[in-house]
Amino acid sequence: MSNVTLKHITKRFRAVTALKDVSFHVEDGEFFVLLGPTGAGKTTTLRVIAGLEKQDEGNVEFDGAPVDSFTPADRDVAFVFQQYSLYPTMSVYDNLAFPLRSPIRKTPEEVIRKKVYEAAEILRIQHLLERKTARLSGGEMQRVSIGRAIVREPRVFLMDEPLSNLDAKLREALRVELKHLQKTLGKTIIYVTHDQIEALTMADRIAVLNEGQIVQEGLPDDIYDRPATTFVAQLVGTPRINLFEAERRDGKAAIKQSAITVEAQQQKLPETLLLGIRPEDIRPAADGEFAGQVVLKEPLGVETVLHIKSGEQTLLSLVPGMSDARIGDTVKFNINSRKLHFFDMKRKRLNV
Amino acid sequence: MATIELKQVEKKFGDAYAVKPMDLTIKDGEFIVLLGPSGCGKTTTLRMISGLETVTAGQIFLNDKNVTWRHPSERDIAFVFQFYALYPHLNVRDNIAFPLQAQHESQRVIQQRVREVVDLLRIEHLLNKRPGGLSGGDKQRVALARALVRRPAAFLMDEPLGALDADLRETMRAEIRALQLRLNVTTVYVTHDQIEAMAMGDRIVVMNTAVVQQIGTPTEVYYNPANLFVAKFIGSPGMNLVQGNCAEGVIHLPGGNQYPLPDGWKNSIARGEKVIIGFRPESAHVNPNGALKGEVYASDMHGSYAMLHVNMDGDNVVHLRADRETRYPIGSSIRFDIDAAMARFFNPQNELALRKN
């Protein structure tokens, strides 16, 4: 396995700059996630690492050595795509064996057999080995796709939104499996997704990409607890973070068009600012400091999302279990003042 | 005003059932969700209600009128598709006006109705644009406007949020539900996403392999799933299901675990019988003195909480919801308890939920 470093990568497609000065480092054995919306440049980044795309500026290094002059085959990376790309006329066994049968490698058939069975066992697809891939379910196909990458024992795994074509339920199951797999095999994985739950649950570290630039890099906890910009704050966390324009009034932050004011723990606040509050930090309470009216209720089973209108603002509150609040009810609530997020009007985090 | 009734409605293709005979009564103003995995029959059912698909048996009633053999255009329903189906050569205004133009409505009525729905969906700024240049969310709003402008008796929606990014799905799901509540329009909504179903539905029709598994409110399908499929499908993750053998007042579970049968269940499960215990992740708690034990398979952070995946014995990985700070190394031993009031039991043979005595 290898560590991977990107140094000041810039990539242009004619007039469009897809990647602007992108730099990051992935440790050997790390599960590194590139998170960003569609069009952010995630796939382009992966393709540059693989050598499928040539960057205009900057270097890609594996274990400290530049690989820019290497072909994709020589970089020894395995790419797992969103659209499985399995060979439909071949059995699962032959699909898994295919990379090892390449004339460049000249692997003996007994070794191939051993590696294929190992990969199949890890992914629990031994019972499918004789089946033609066209007759597999989505989840099974994706496992075969990952298996085909595993048998190659590459330096780095590159995964491009491999779960996004699958049903929600299957995605849930495969997330846990992939994470378990990665931890037990100790592989270096660079994984690209627009799904923030995938990023939070699977990553050792996350880099948030937007419009070709890295906006923040850090542990899942850092990205969630200390988002560097409102973009990151809104990208991560379900339901989405509440974000309001506020102004400084008597040393506190007062949310515009509402009666809500909150303390800033330390420094001075600017005159106008943006205040972020996560739904789980807004809690209905009989003796709550603030009041509002329930305008919508979304029962999710394990918890309920309450849409509360206070003044002219609507806040999302996350409460455990099935709430018995009804639409139209007046509700009092508290805001956890230790979990507030303050941003300046340029949308950058203020440390107050 | 629209009530919809399905009486023994079925769809077969040759000998294969796409939808086995089903009964469903939808009340006026109700938001009914047809929920299930790909291929379960939910879209076929929706299409039969719309008339885009014929029934092979059974009858469909709209406001007590038998519409089983009526053409879709004669059914006073509006269909919203996953891939919007907007007319690319018309601008947004003309797309929305189209259904009324086709019905030869007067210009005055058309203008008034278009203005109404445009205000409702807040898309005034898009009127002169062509669909090609719009974002996914905007396209879906235009599709909704076009359906709304006809003031149909009922809305039928086929996975309308499926093509959108996760954050937009969240926003649009609340928008659609709020709109529906405001207009009080009977809505039949198809999705494979149980979170959407739970958040939006007054009642959910859970389907799998052409068969209705359960019809109930979100509370009912969540707390009292009728069978193993519903227990697993509803909730993210679904209910933990572990098979064991019932002995005297105790269930022997994998990994050498024993779980005492909670009060109220002792007469429902016979000694010597195999039984499946079901419990949701939030009703299991890490406890150093807990009754049950296992090995940590994985642990991950979900934002406001953590999820602990515990291997009880080889094939049985259960999921426990825990607070943020709970992170355990893979392979470490762990003990936990299950909230007795929240435990559910199922018959492994027929997969049905057992009842309390």
# chains A, B, ... in the order shown; residues from 1 in each chain; ligands from 1
>>> interface_residues(of="chain A", to="chain B", cutoff="9 Å", atoms="only C-alpha atoms", output="JSON, numbers by chain")
{"A": [37, 38, 167, 168, 169, 172, 173, 176, 177, 179, 180, 183, 184, 194, 195, 196, 197, 198, 200, 201, 202, 203, 220, 221, 224, 225, 234, 235, 236, 237, 238, 239, 240, 278, 280, 295, 296, 297, 298, 299, 300, 301, 302, 304, 305, 322]}
>>> residues_around(residues="Glu53 (chain B)", least_positions_apart="2", cutoff="10 Å", atoms="only C-alpha atoms", output="list in words")
Lys11, Thr43, Thr44, Thr45, Leu46, Arg47, Met48, Ile49, Ser50, Gly51, Val55, Thr56, His71 and Pro72 of chain B
>>> write_last_selection(atoms="C-alpha atoms", output="CSV table (one decimal), in the first residue's frame")
chain,number,residue,atom,x,y,z
B,11,LYS,CA,-51.3,-7.0,-12.7
B,43,THR,CA,-44.8,1.9,-9.8
B,44,THR,CA,-47.0,-0.6,-11.6
B,45,THR,CA,-49.7,0.1,-9.0
B,46,LEU,CA,-49.4,3.8,-9.4
B,47,ARG,CA,-49.6,3.5,-13.2
B,48,MET,CA,-52.7,1.4,-12.9
B,49,ILE,CA,-54.3,4.1,-10.7
B,50,SER,CA,-53.4,6.6,-13.4
B,51,GLY,CA,-54.6,4.5,-16.3
B,55,VAL,CA,-55.4,-3.9,-14.7
B,56,THR,CA,-55.5,-7.7,-15.3
B,71,HIS,CA,-58.4,6.5,-20.4
B,72,PRO,CA,-55.9,8.4,-18.2
>>> residues_around(residues="Asn347 (chain B)", least_positions_apart="2", cutoff="10 Å", atoms="only C-alpha atoms", output="PyMOL selection string")
chain B and resi 227-228+243+269+273-277+345+349-354
>>> residues_around(residues="Lys42 (chain A)", least_positions_apart="4", cutoff="8 Å", atoms="only C-alpha atoms", output="PDB file with N, CA and C atoms, in the first residue's frame")
ATOM      1  N   LEU A  34     -13.196  12.334  -0.518  1.00  0.00           N
ATOM      2  CA  LEU A  34     -13.341  13.629  -1.179  1.00  0.00           C
ATOM      3  C   LEU A  34     -14.834  13.891  -1.301  1.00  0.00           C
ATOM      4  N   LEU A  35     -15.313  14.875  -0.570  1.00  0.00           N
ATOM      5  CA  LEU A  35     -16.745  15.134  -0.524  1.00  0.00           C
ATOM      6  C   LEU A  35     -17.067  16.444  -1.213  1.00  0.00           C
ATOM      7  N   GLY A  36     -18.079  16.446  -2.048  1.00  0.00           N
ATOM      8  CA  GLY A  36     -18.458  17.694  -2.700  1.00  0.00           C
ATOM      9  C   GLY A  36     -19.654  17.488  -3.587  1.00  0.00           C
ATOM     10  N   LEU A  46      -9.738  12.234  -9.037  1.00  0.00           N
ATOM     11  CA  LEU A  46      -9.453  10.802  -9.040  1.00  0.00           C
ATOM     12  C   LEU A  46      -8.778  10.382 -10.348  1.00  0.00           C
ATOM     13  N   VAL A 192     -14.620   8.959  -3.459  1.00  0.00           N
ATOM     14  CA  VAL A 192     -15.263  10.208  -3.853  1.00  0.00           C
ATOM     15  C   VAL A 192     -16.773  10.079  -3.725  1.00  0.00           C
ATOM     16  N   THR A 193     -17.441  11.067  -3.164  1.00  0.00           N
ATOM     17  CA  THR A 193     -18.892  11.002  -3.027  1.00  0.00           C
ATOM     18  C   THR A 193     -19.504  12.382  -2.844  1.00  0.00           C
ATOM     19  N   LEU A 209     -14.560  19.452  -1.280  1.00  0.00           N
ATOM     20  CA  LEU A 209     -14.197  20.081  -2.548  1.00  0.00           C
ATOM     21  C   LEU A 209     -15.383  20.859  -3.092  1.00  0.00           C
ATOM     22  N   GLY A 212     -13.757  23.067  -7.699  1.00  0.00           N
ATOM     23  CA  GLY A 212     -12.352  22.815  -7.993  1.00  0.00           C
ATOM     24  C   GLY A 212     -11.367  23.157  -6.888  1.00  0.00           C
TER      25      GLY A 212
END
>>> atom_distance(atom1="CA of Leu144 (chain B)", atom2="CA of Val80 (chain B)")
6.5 Å
>>> residues_around(residues="Gly290 (chain B)", least_positions_apart="3", cutoff="6 Å", atoms="only C-alpha atoms", output="list in words")
Asn287, Arg335, Phe336 and Asp337 of chain B
>>> residues_around(residues="Val331 (chain A)", least_positions_apart="6", cutoff="7 Å", atoms="only C-alpha atoms", output="list in words")
Pro284, Ala291, Gly292, Gln293 and Val294 of chain A
>>> residues_around(residues="Val242 (chain B)", least_positions_apart="2", cutoff="12 Å", atoms="only C-alpha atoms", output="number ranges by chain")
B: 228, 231-232, 239-240, 244-245, 251-255, 257-259, 274-280, 311-319, 343-348
>>> select_by_dssp(residues="region 170-258 of chain B", states="strand (DSSP E)", output="ChimeraX atom specification")
/B:186-191,203-208,211-216,240-246,250-253,257-258
>>> closest_residue(among="A:Gln83, A:Glu118, A:Glu289, A:Ala78", to="Ser164 (chain A)", atoms="only C-alpha atoms")
A:Gln83
>>> select_by_dssp(residues="region 138-267 of chain A", states="alpha helix (DSSP H)", output="PyMOL selection string")
chain A and resi 138-150+168-185+196-202+220-225+230-235
>>> atom_distance(atom1="CA of Pro21 (chain B)", atom2="CA of Leu136 (chain A)")
28.2 Å
